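Below is one structure, written out as structure tokens; the observations come after it.
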Amino acid sequence: AQPARLSLTLASTKLRNSMKPIKDLNLGFRDAESYKKKENKELLNKLFLRTHKLDELADTNKYFLIGEKGTGKTAYAVYYSNNNYKNTNSTIKYIRETEYKKFVELKNTKHLTLTDYTNIWTVILLLLLSEFITSRELKYPLLQKFSKFSALKDAIDEFYLNAFSPEILTAINFAEEASLSAKIINKHFQLSGAEKEKIEFSESRFQVNLLYIKKHFEDALSSLSLKENYTLYIDGIDIRPYDIPYNDYLDCIKGLGNAVWSLNSDFFGNIKDSAGRLKVVLLIRPDIFDSLGLQNQNSKVRDNSVILDWKTYYPEHRGSELFKLADKLLAFQQDNKLDDGQAWDYYFPYATRNVHYETTDLTSFVSLLRYSLYRPRDILVILSILKENFIENNRKPDEKFKEDDLLEPMFTRKYSDYFLGEIKDHLSFYYPAEDYEEFLKFFQYLDGKSRFTYDDFIGAFDSYLKYFKKNNVAPPGFCRSPDGFLQFLYEMNVIGYVIDTEDKPYFGWCYRERTPSNISPKVKTGVRYDSHYAVMKALDLGTKFKKSS
């Protein structure tokens with residue numbers, strides 16, 4: 001027994017001496033877009049957790065990557081764009097504020113319909129994909145071998161004076177100037193012998209011109225015989241610029257959603273005589289996907305989408321992908337290869353209190369789960385704040401994290417600010433930015449209660465409405481009725497409902513109950529409610545206030 005104990009002691013000492021101090025840990029970036037930079041690509045490759053979702057995304061029938069904000073949609077797309085994975089070349093393009101403004105401008109000048117939006121997006125996506133193929137296939141005699149694609153390339157070069165920048169904003173110009181684009185395409189297809197007659201194009205026939213352009217892109221791409229797959233990822237639609245009206249934004253992304261579906265299902269899937277396949281993937285939140293109005297939406301979620309869902313349950317959390325991701329984030333940078341869970345247990349060597357099940361494993365990860373919505377970004381932010389506080393408090397280099405670190409005001413204040421920032425972004429997606437302050441005002445009428453009944457909520461809501469009436473201010477759109485506002489709080493994950501059962505209470509949270517077939521779960525009325533750990537400090541909940549006389 002003595003040599004065995006000595007061996008364990010030596011192994012523990014060796015591990016302790018080889019592990020990086022907390023202050024030297026590299027926790028990566030909160031925004032996965034940063035990993036597109038050349039100097040950060042290898043970092044993503046080291047810390048990225050390759051789950052089965054990565055292979056699922058390679059399926060030619062998957063056109064939508066669906067996930068809440070912070071679940072890793074951009075990270076998956078950037079990983080694919082940084083690597084030739086599954087014989088697939090990938091690129092990612094972002095929709096920015098300028099692009100939305102351009103669409104609004106086009107809508108006003110050309111009186112666009114949803115069909116027009118769809119055709120414009122179709123041309124944009126085909127143009128971006130064509131240029132991406134050209135940039136990767138220069139090592140093959142592609143332009144000489146495929147006359148239609150060569151003619152298309154020459155037309156694009158002439159339109160952009162050989163200076164095309166493969167971004168969405170630049171590509172919009174090709175669709176906006178549809179008459180000129182169609183004329184140039186017609187000229188080069190004539191020169192190549194792929195088209196016999198010269199056609200005149202009228203500025204007034206905008207939609208007809210777009211259809212002509214679309215057809216010639218499809219003819220050119222259909223003629224290719226590719227050895228590798230090509231995928232175009234479209235990101236950035238989760239953020240609506242504050243000065244773009246919601247209805248204008250919705251028209252724009254509806255057209256995009258329809259274009260993505262139509263290209264993948266009607267065109268790319270029917271190209272013959274090419275080993276390499278083409279695909280466009282749209283990165284999108286569940287609630288926004290629900291707004292696209294696609295036909296047979298449930299089927300598209302199940303058959304044509306990859307859903308990023310990191311849900312786990314306390315008893316099985318050690319086997320969850322979210323725990324594996326957190327453990328890898330700490331383990332990838334160590335000098336020695338570690339067993340699964342070893343890095344996590346080294347930096348978080350404690351068992352969380354109030355965990356109502358027996359286990360021989362350390363359960364410290366549960367203390368982080370309580371503050372999160374089970375999203376990778378939440379865990380990353382928690383770790384970043386803990387590290388930052390560790391350094392600011394001048395802790396000893398060989399110290400580890402403690403459960404009390406998550407209870408300190410330094411932590412709860414910083415994390416609450418992050419969590420409320422996420423709520424603010426979500427709220428401003430649908431409502432004016434100034435409504436956020438009015439939203440926060442509601443919680444003062446709960447008198448500090450973090451747990452409350454339905455009757456408590458109704459009383460607070462009535463007082464909330466009186467505030468607007470007293471100040472002669474119109475209530476925001478999210479509080480037109482008490483049950484509507486309760487649903488709003490539930491969807492924002494500010495509250496969850498509690499149902500008492502014979503065994504133990506059931507806690508219903510929107511982020512846990514959302515499934516592919518239930519994208520918008522409903523809150524229960526007439527029951528009890530709990531506020532989320534992450535917002536209690538920022539909203540002054542959990543402390544009983546004395547009412548002033």
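Following the order of the structure tokens, first chain is A, next is B, and so on, with residues numbered from 1 inside each chain and ligands from 1 in the order they appear.
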Surrounding residues of region 279-296 of chain A excluding itself and chain neighbours under 5 positions, 7 Å, only C-alpha atoms, as an MDAnalysis selection string
chainID A and resid 60 63:69 73 230:235 237:238 254 257 260 264 268 519
Could you take the residues named above and write them with N, CA and C atoms, as a PDB file, in the first residue's frame?
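Result file follows (result36.pdb):
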ATOM      1  N   THR A  60     -24.899  16.902 -47.622  1.00  0.00           N
ATOM      2  CA  THR A  60     -25.328  17.817 -48.694  1.00  0.00           C
ATOM      3  C   THR A  60     -26.781  18.257 -48.547  1.00  0.00           C
ATOM      4  N   TYR A  63     -28.916  22.598 -44.952  1.00  0.00           N
ATOM      5  CA  TYR A  63     -28.800  23.961 -45.489  1.00  0.00           C
ATOM      6  C   TYR A  63     -28.889  25.047 -44.417  1.00  0.00           C
ATOM      7  N   PHE A  64     -29.321  24.677 -43.204  1.00  0.00           N
ATOM      8  CA  PHE A  64     -29.473  25.667 -42.138  1.00  0.00           C
ATOM      9  C   PHE A  64     -28.729  25.194 -40.894  1.00  0.00           C
ATOM     10  N   LEU A  65     -27.930  26.084 -40.327  1.00  0.00           N
ATOM     11  CA  LEU A  65     -27.250  25.806 -39.063  1.00  0.00           C
ATOM     12  C   LEU A  65     -27.966  26.639 -38.005  1.00  0.00           C
ATOM     13  N   ILE A  66     -28.775  25.961 -37.173  1.00  0.00           N
ATOM     14  CA  ILE A  66     -29.668  26.644 -36.240  1.00  0.00           C
ATOM     15  C   ILE A  66     -29.125  26.545 -34.821  1.00  0.00           C
ATOM     16  N   GLY A  67     -29.104  27.662 -34.125  1.00  0.00           N
ATOM     17  CA  GLY A  67     -28.659  27.663 -32.730  1.00  0.00           C
ATOM     18  C   GLY A  67     -28.884  29.016 -32.102  1.00  0.00           C
ATOM     19  N   GLU A  68     -29.093  29.022 -30.785  1.00  0.00           N
ATOM     20  CA  GLU A  68     -29.215  30.275 -30.065  1.00  0.00           C
ATOM     21  C   GLU A  68     -27.906  31.058 -30.175  1.00  0.00           C
ATOM     22  N   LYS A  69     -27.965  32.332 -29.880  1.00  0.00           N
ATOM     23  CA  LYS A  69     -26.766  33.141 -29.828  1.00  0.00           C
ATOM     24  C   LYS A  69     -25.814  32.540 -28.788  1.00  0.00           C
ATOM     25  N   LYS A  73     -22.417  28.710 -33.635  1.00  0.00           N
ATOM     26  CA  LYS A  73     -22.683  28.638 -35.082  1.00  0.00           C
ATOM     27  C   LYS A  73     -21.491  29.179 -35.884  1.00  0.00           C
ATOM     28  N   TYR A 230     -17.860  22.484 -52.417  1.00  0.00           N
ATOM     29  CA  TYR A 230     -17.739  23.909 -52.103  1.00  0.00           C
ATOM     30  C   TYR A 230     -18.977  24.352 -51.332  1.00  0.00           C
ATOM     31  N   THR A 231     -18.735  24.963 -50.170  1.00  0.00           N
ATOM     32  CA  THR A 231     -19.840  25.419 -49.325  1.00  0.00           C
ATOM     33  C   THR A 231     -19.647  26.891 -48.970  1.00  0.00           C
ATOM     34  N   LEU A 232     -20.718  27.639 -49.111  1.00  0.00           N
ATOM     35  CA  LEU A 232     -20.741  29.060 -48.748  1.00  0.00           C
ATOM     36  C   LEU A 232     -21.602  29.229 -47.514  1.00  0.00           C
ATOM     37  N   TYR A 233     -21.022  29.751 -46.416  1.00  0.00           N
ATOM     38  CA  TYR A 233     -21.763  30.020 -45.184  1.00  0.00           C
ATOM     39  C   TYR A 233     -22.131  31.503 -45.128  1.00  0.00           C
ATOM     40  N   ILE A 234     -23.366  31.787 -44.761  1.00  0.00           N
ATOM     41  CA  ILE A 234     -23.833  33.167 -44.609  1.00  0.00           C
ATOM     42  C   ILE A 234     -24.152  33.408 -43.137  1.00  0.00           C
ATOM     43  N   ASP A 235     -23.472  34.388 -42.554  1.00  0.00           N
ATOM     44  CA  ASP A 235     -23.598  34.689 -41.128  1.00  0.00           C
ATOM     45  C   ASP A 235     -23.966  36.163 -40.942  1.00  0.00           C
ATOM     46  N   ILE A 237     -27.058  37.400 -39.676  1.00  0.00           N
ATOM     47  CA  ILE A 237     -28.460  37.823 -39.717  1.00  0.00           C
ATOM     48  C   ILE A 237     -29.081  37.873 -38.328  1.00  0.00           C
ATOM     49  N   ASP A 238     -28.343  37.424 -37.288  1.00  0.00           N
ATOM     50  CA  ASP A 238     -28.886  37.447 -35.933  1.00  0.00           C
ATOM     51  C   ASP A 238     -28.925  38.850 -35.337  1.00  0.00           C
ATOM     52  N   LYS A 254     -36.205  37.047 -45.296  1.00  0.00           N
ATOM     53  CA  LYS A 254     -37.124  36.082 -45.910  1.00  0.00           C
ATOM     54  C   LYS A 254     -36.670  35.751 -47.328  1.00  0.00           C
ATOM     55  N   GLY A 257     -33.648  33.502 -47.005  1.00  0.00           N
ATOM     56  CA  GLY A 257     -34.025  32.136 -46.646  1.00  0.00           C
ATOM     57  C   GLY A 257     -34.601  31.371 -47.822  1.00  0.00           C
ATOM     58  N   VAL A 260     -31.741  30.520 -50.298  1.00  0.00           N
ATOM     59  CA  VAL A 260     -30.921  29.404 -49.802  1.00  0.00           C
ATOM     60  C   VAL A 260     -31.634  28.080 -50.040  1.00  0.00           C
ATOM     61  N   ASN A 264     -30.346  25.255 -52.994  1.00  0.00           N
ATOM     62  CA  ASN A 264     -29.901  23.937 -52.526  1.00  0.00           C
ATOM     63  C   ASN A 264     -30.790  22.807 -53.006  1.00  0.00           C
ATOM     64  N   PHE A 268     -28.605  22.996 -56.880  1.00  0.00           N
ATOM     65  CA  PHE A 268     -27.353  22.288 -56.542  1.00  0.00           C
ATOM     66  C   PHE A 268     -27.549  20.780 -56.472  1.00  0.00           C
ATOM     67  N   ILE A 519     -40.014  25.013 -31.272  1.00  0.00           N
ATOM     68  CA  ILE A 519     -39.050  26.106 -31.312  1.00  0.00           C
ATOM     69  C   ILE A 519     -39.442  27.225 -30.349  1.00  0.00           C
TER      70      ILE A 519
END
DSSP strand (DSSP E) residues within region 50-176 of chain A, listed as a ChimeraX atom specification
/A:64-66,88-94
Those same residues - N, CA and C atoms - I'd like them written as a compact mmCIF listing (two decimals), in the first residue's frame.
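After the write, result_27.txt holds the following:
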# COMPACT_ATOMS: atom_id res chain seq x y z
N PHE A 64 -29.32 24.68 -43.20
CA PHE A 64 -29.47 25.67 -42.14
C PHE A 64 -28.73 25.19 -40.89
N LEU A 65 -27.93 26.08 -40.33
CA LEU A 65 -27.25 25.81 -39.06
C LEU A 65 -27.97 26.64 -38.00
N ILE A 66 -28.78 25.96 -37.17
CA ILE A 66 -29.67 26.64 -36.24
C ILE A 66 -29.13 26.55 -34.82
N THR A 88 -14.11 19.25 -48.41
CA THR A 88 -14.97 20.41 -48.64
C THR A 88 -14.20 21.71 -48.43
N ASN A 89 -14.22 22.56 -49.45
CA ASN A 89 -13.71 23.92 -49.33
C ASN A 89 -14.86 24.81 -48.88
N SER A 90 -14.63 25.62 -47.87
CA SER A 90 -15.71 26.46 -47.33
C SER A 90 -15.24 27.89 -47.17
N THR A 91 -16.19 28.80 -47.28
CA THR A 91 -15.93 30.21 -47.01
C THR A 91 -17.13 30.77 -46.28
N ILE A 92 -16.91 31.81 -45.49
CA ILE A 92 -17.98 32.41 -44.71
C ILE A 92 -18.07 33.90 -45.03
N LYS A 93 -19.28 34.37 -45.27
CA LYS A 93 -19.52 35.78 -45.58
C LYS A 93 -20.53 36.34 -44.57
N TYR A 94 -20.31 37.59 -44.20
CA TYR A 94 -21.12 38.22 -43.16
C TYR A 94 -22.00 39.32 -43.73
With 12 Å as the cut-off and only C-alpha atoms counted, what is the closest atom pair between each nearby residue of region 384-433 of chain A and region 242-253 of chain A? Distances in Å to one decimal, ordered by chain and number, as a tab-separated table.
residue	atom	partner	partner_atom	distance
A:Lys424	CA	A:Tyr242	CA	11.9
A:Asp425	CA	A:Tyr242	CA	10.2
A:His426	CA	A:Tyr242	CA	11.8
A:Leu427	CA	A:Tyr242	CA	11.1
A:Ser428	CA	A:Tyr242	CA	7.3
A:Phe429	CA	A:Tyr242	CA	7.8
A:Tyr430	CA	A:Tyr246	CA	6.7
A:Tyr431	CA	A:Tyr246	CA	8.2
A:Pro432	CA	A:Tyr242	CA	7.2
A:Ala433	CA	A:Tyr242	CA	7.0
Would you pick out the contacts of region 335-340 of chain A at 8 Å or less, using only C-alpha atoms, so that residues sharing its chain but fewer than 6 positions from it are not included, and give the list as number ranges by chain?
A: 18-19, 324, 327
As a check of understanding: the span from CA of Asn186 (chain A) to CA of Phe206 (chain A) is 15.7 Å
Across A:Trp310, A:Phe174, A:Tyr464, A:Phe411, the smallest distance to Leu440 (chain A), with only C-alpha atoms counted, is shown by A:Tyr464
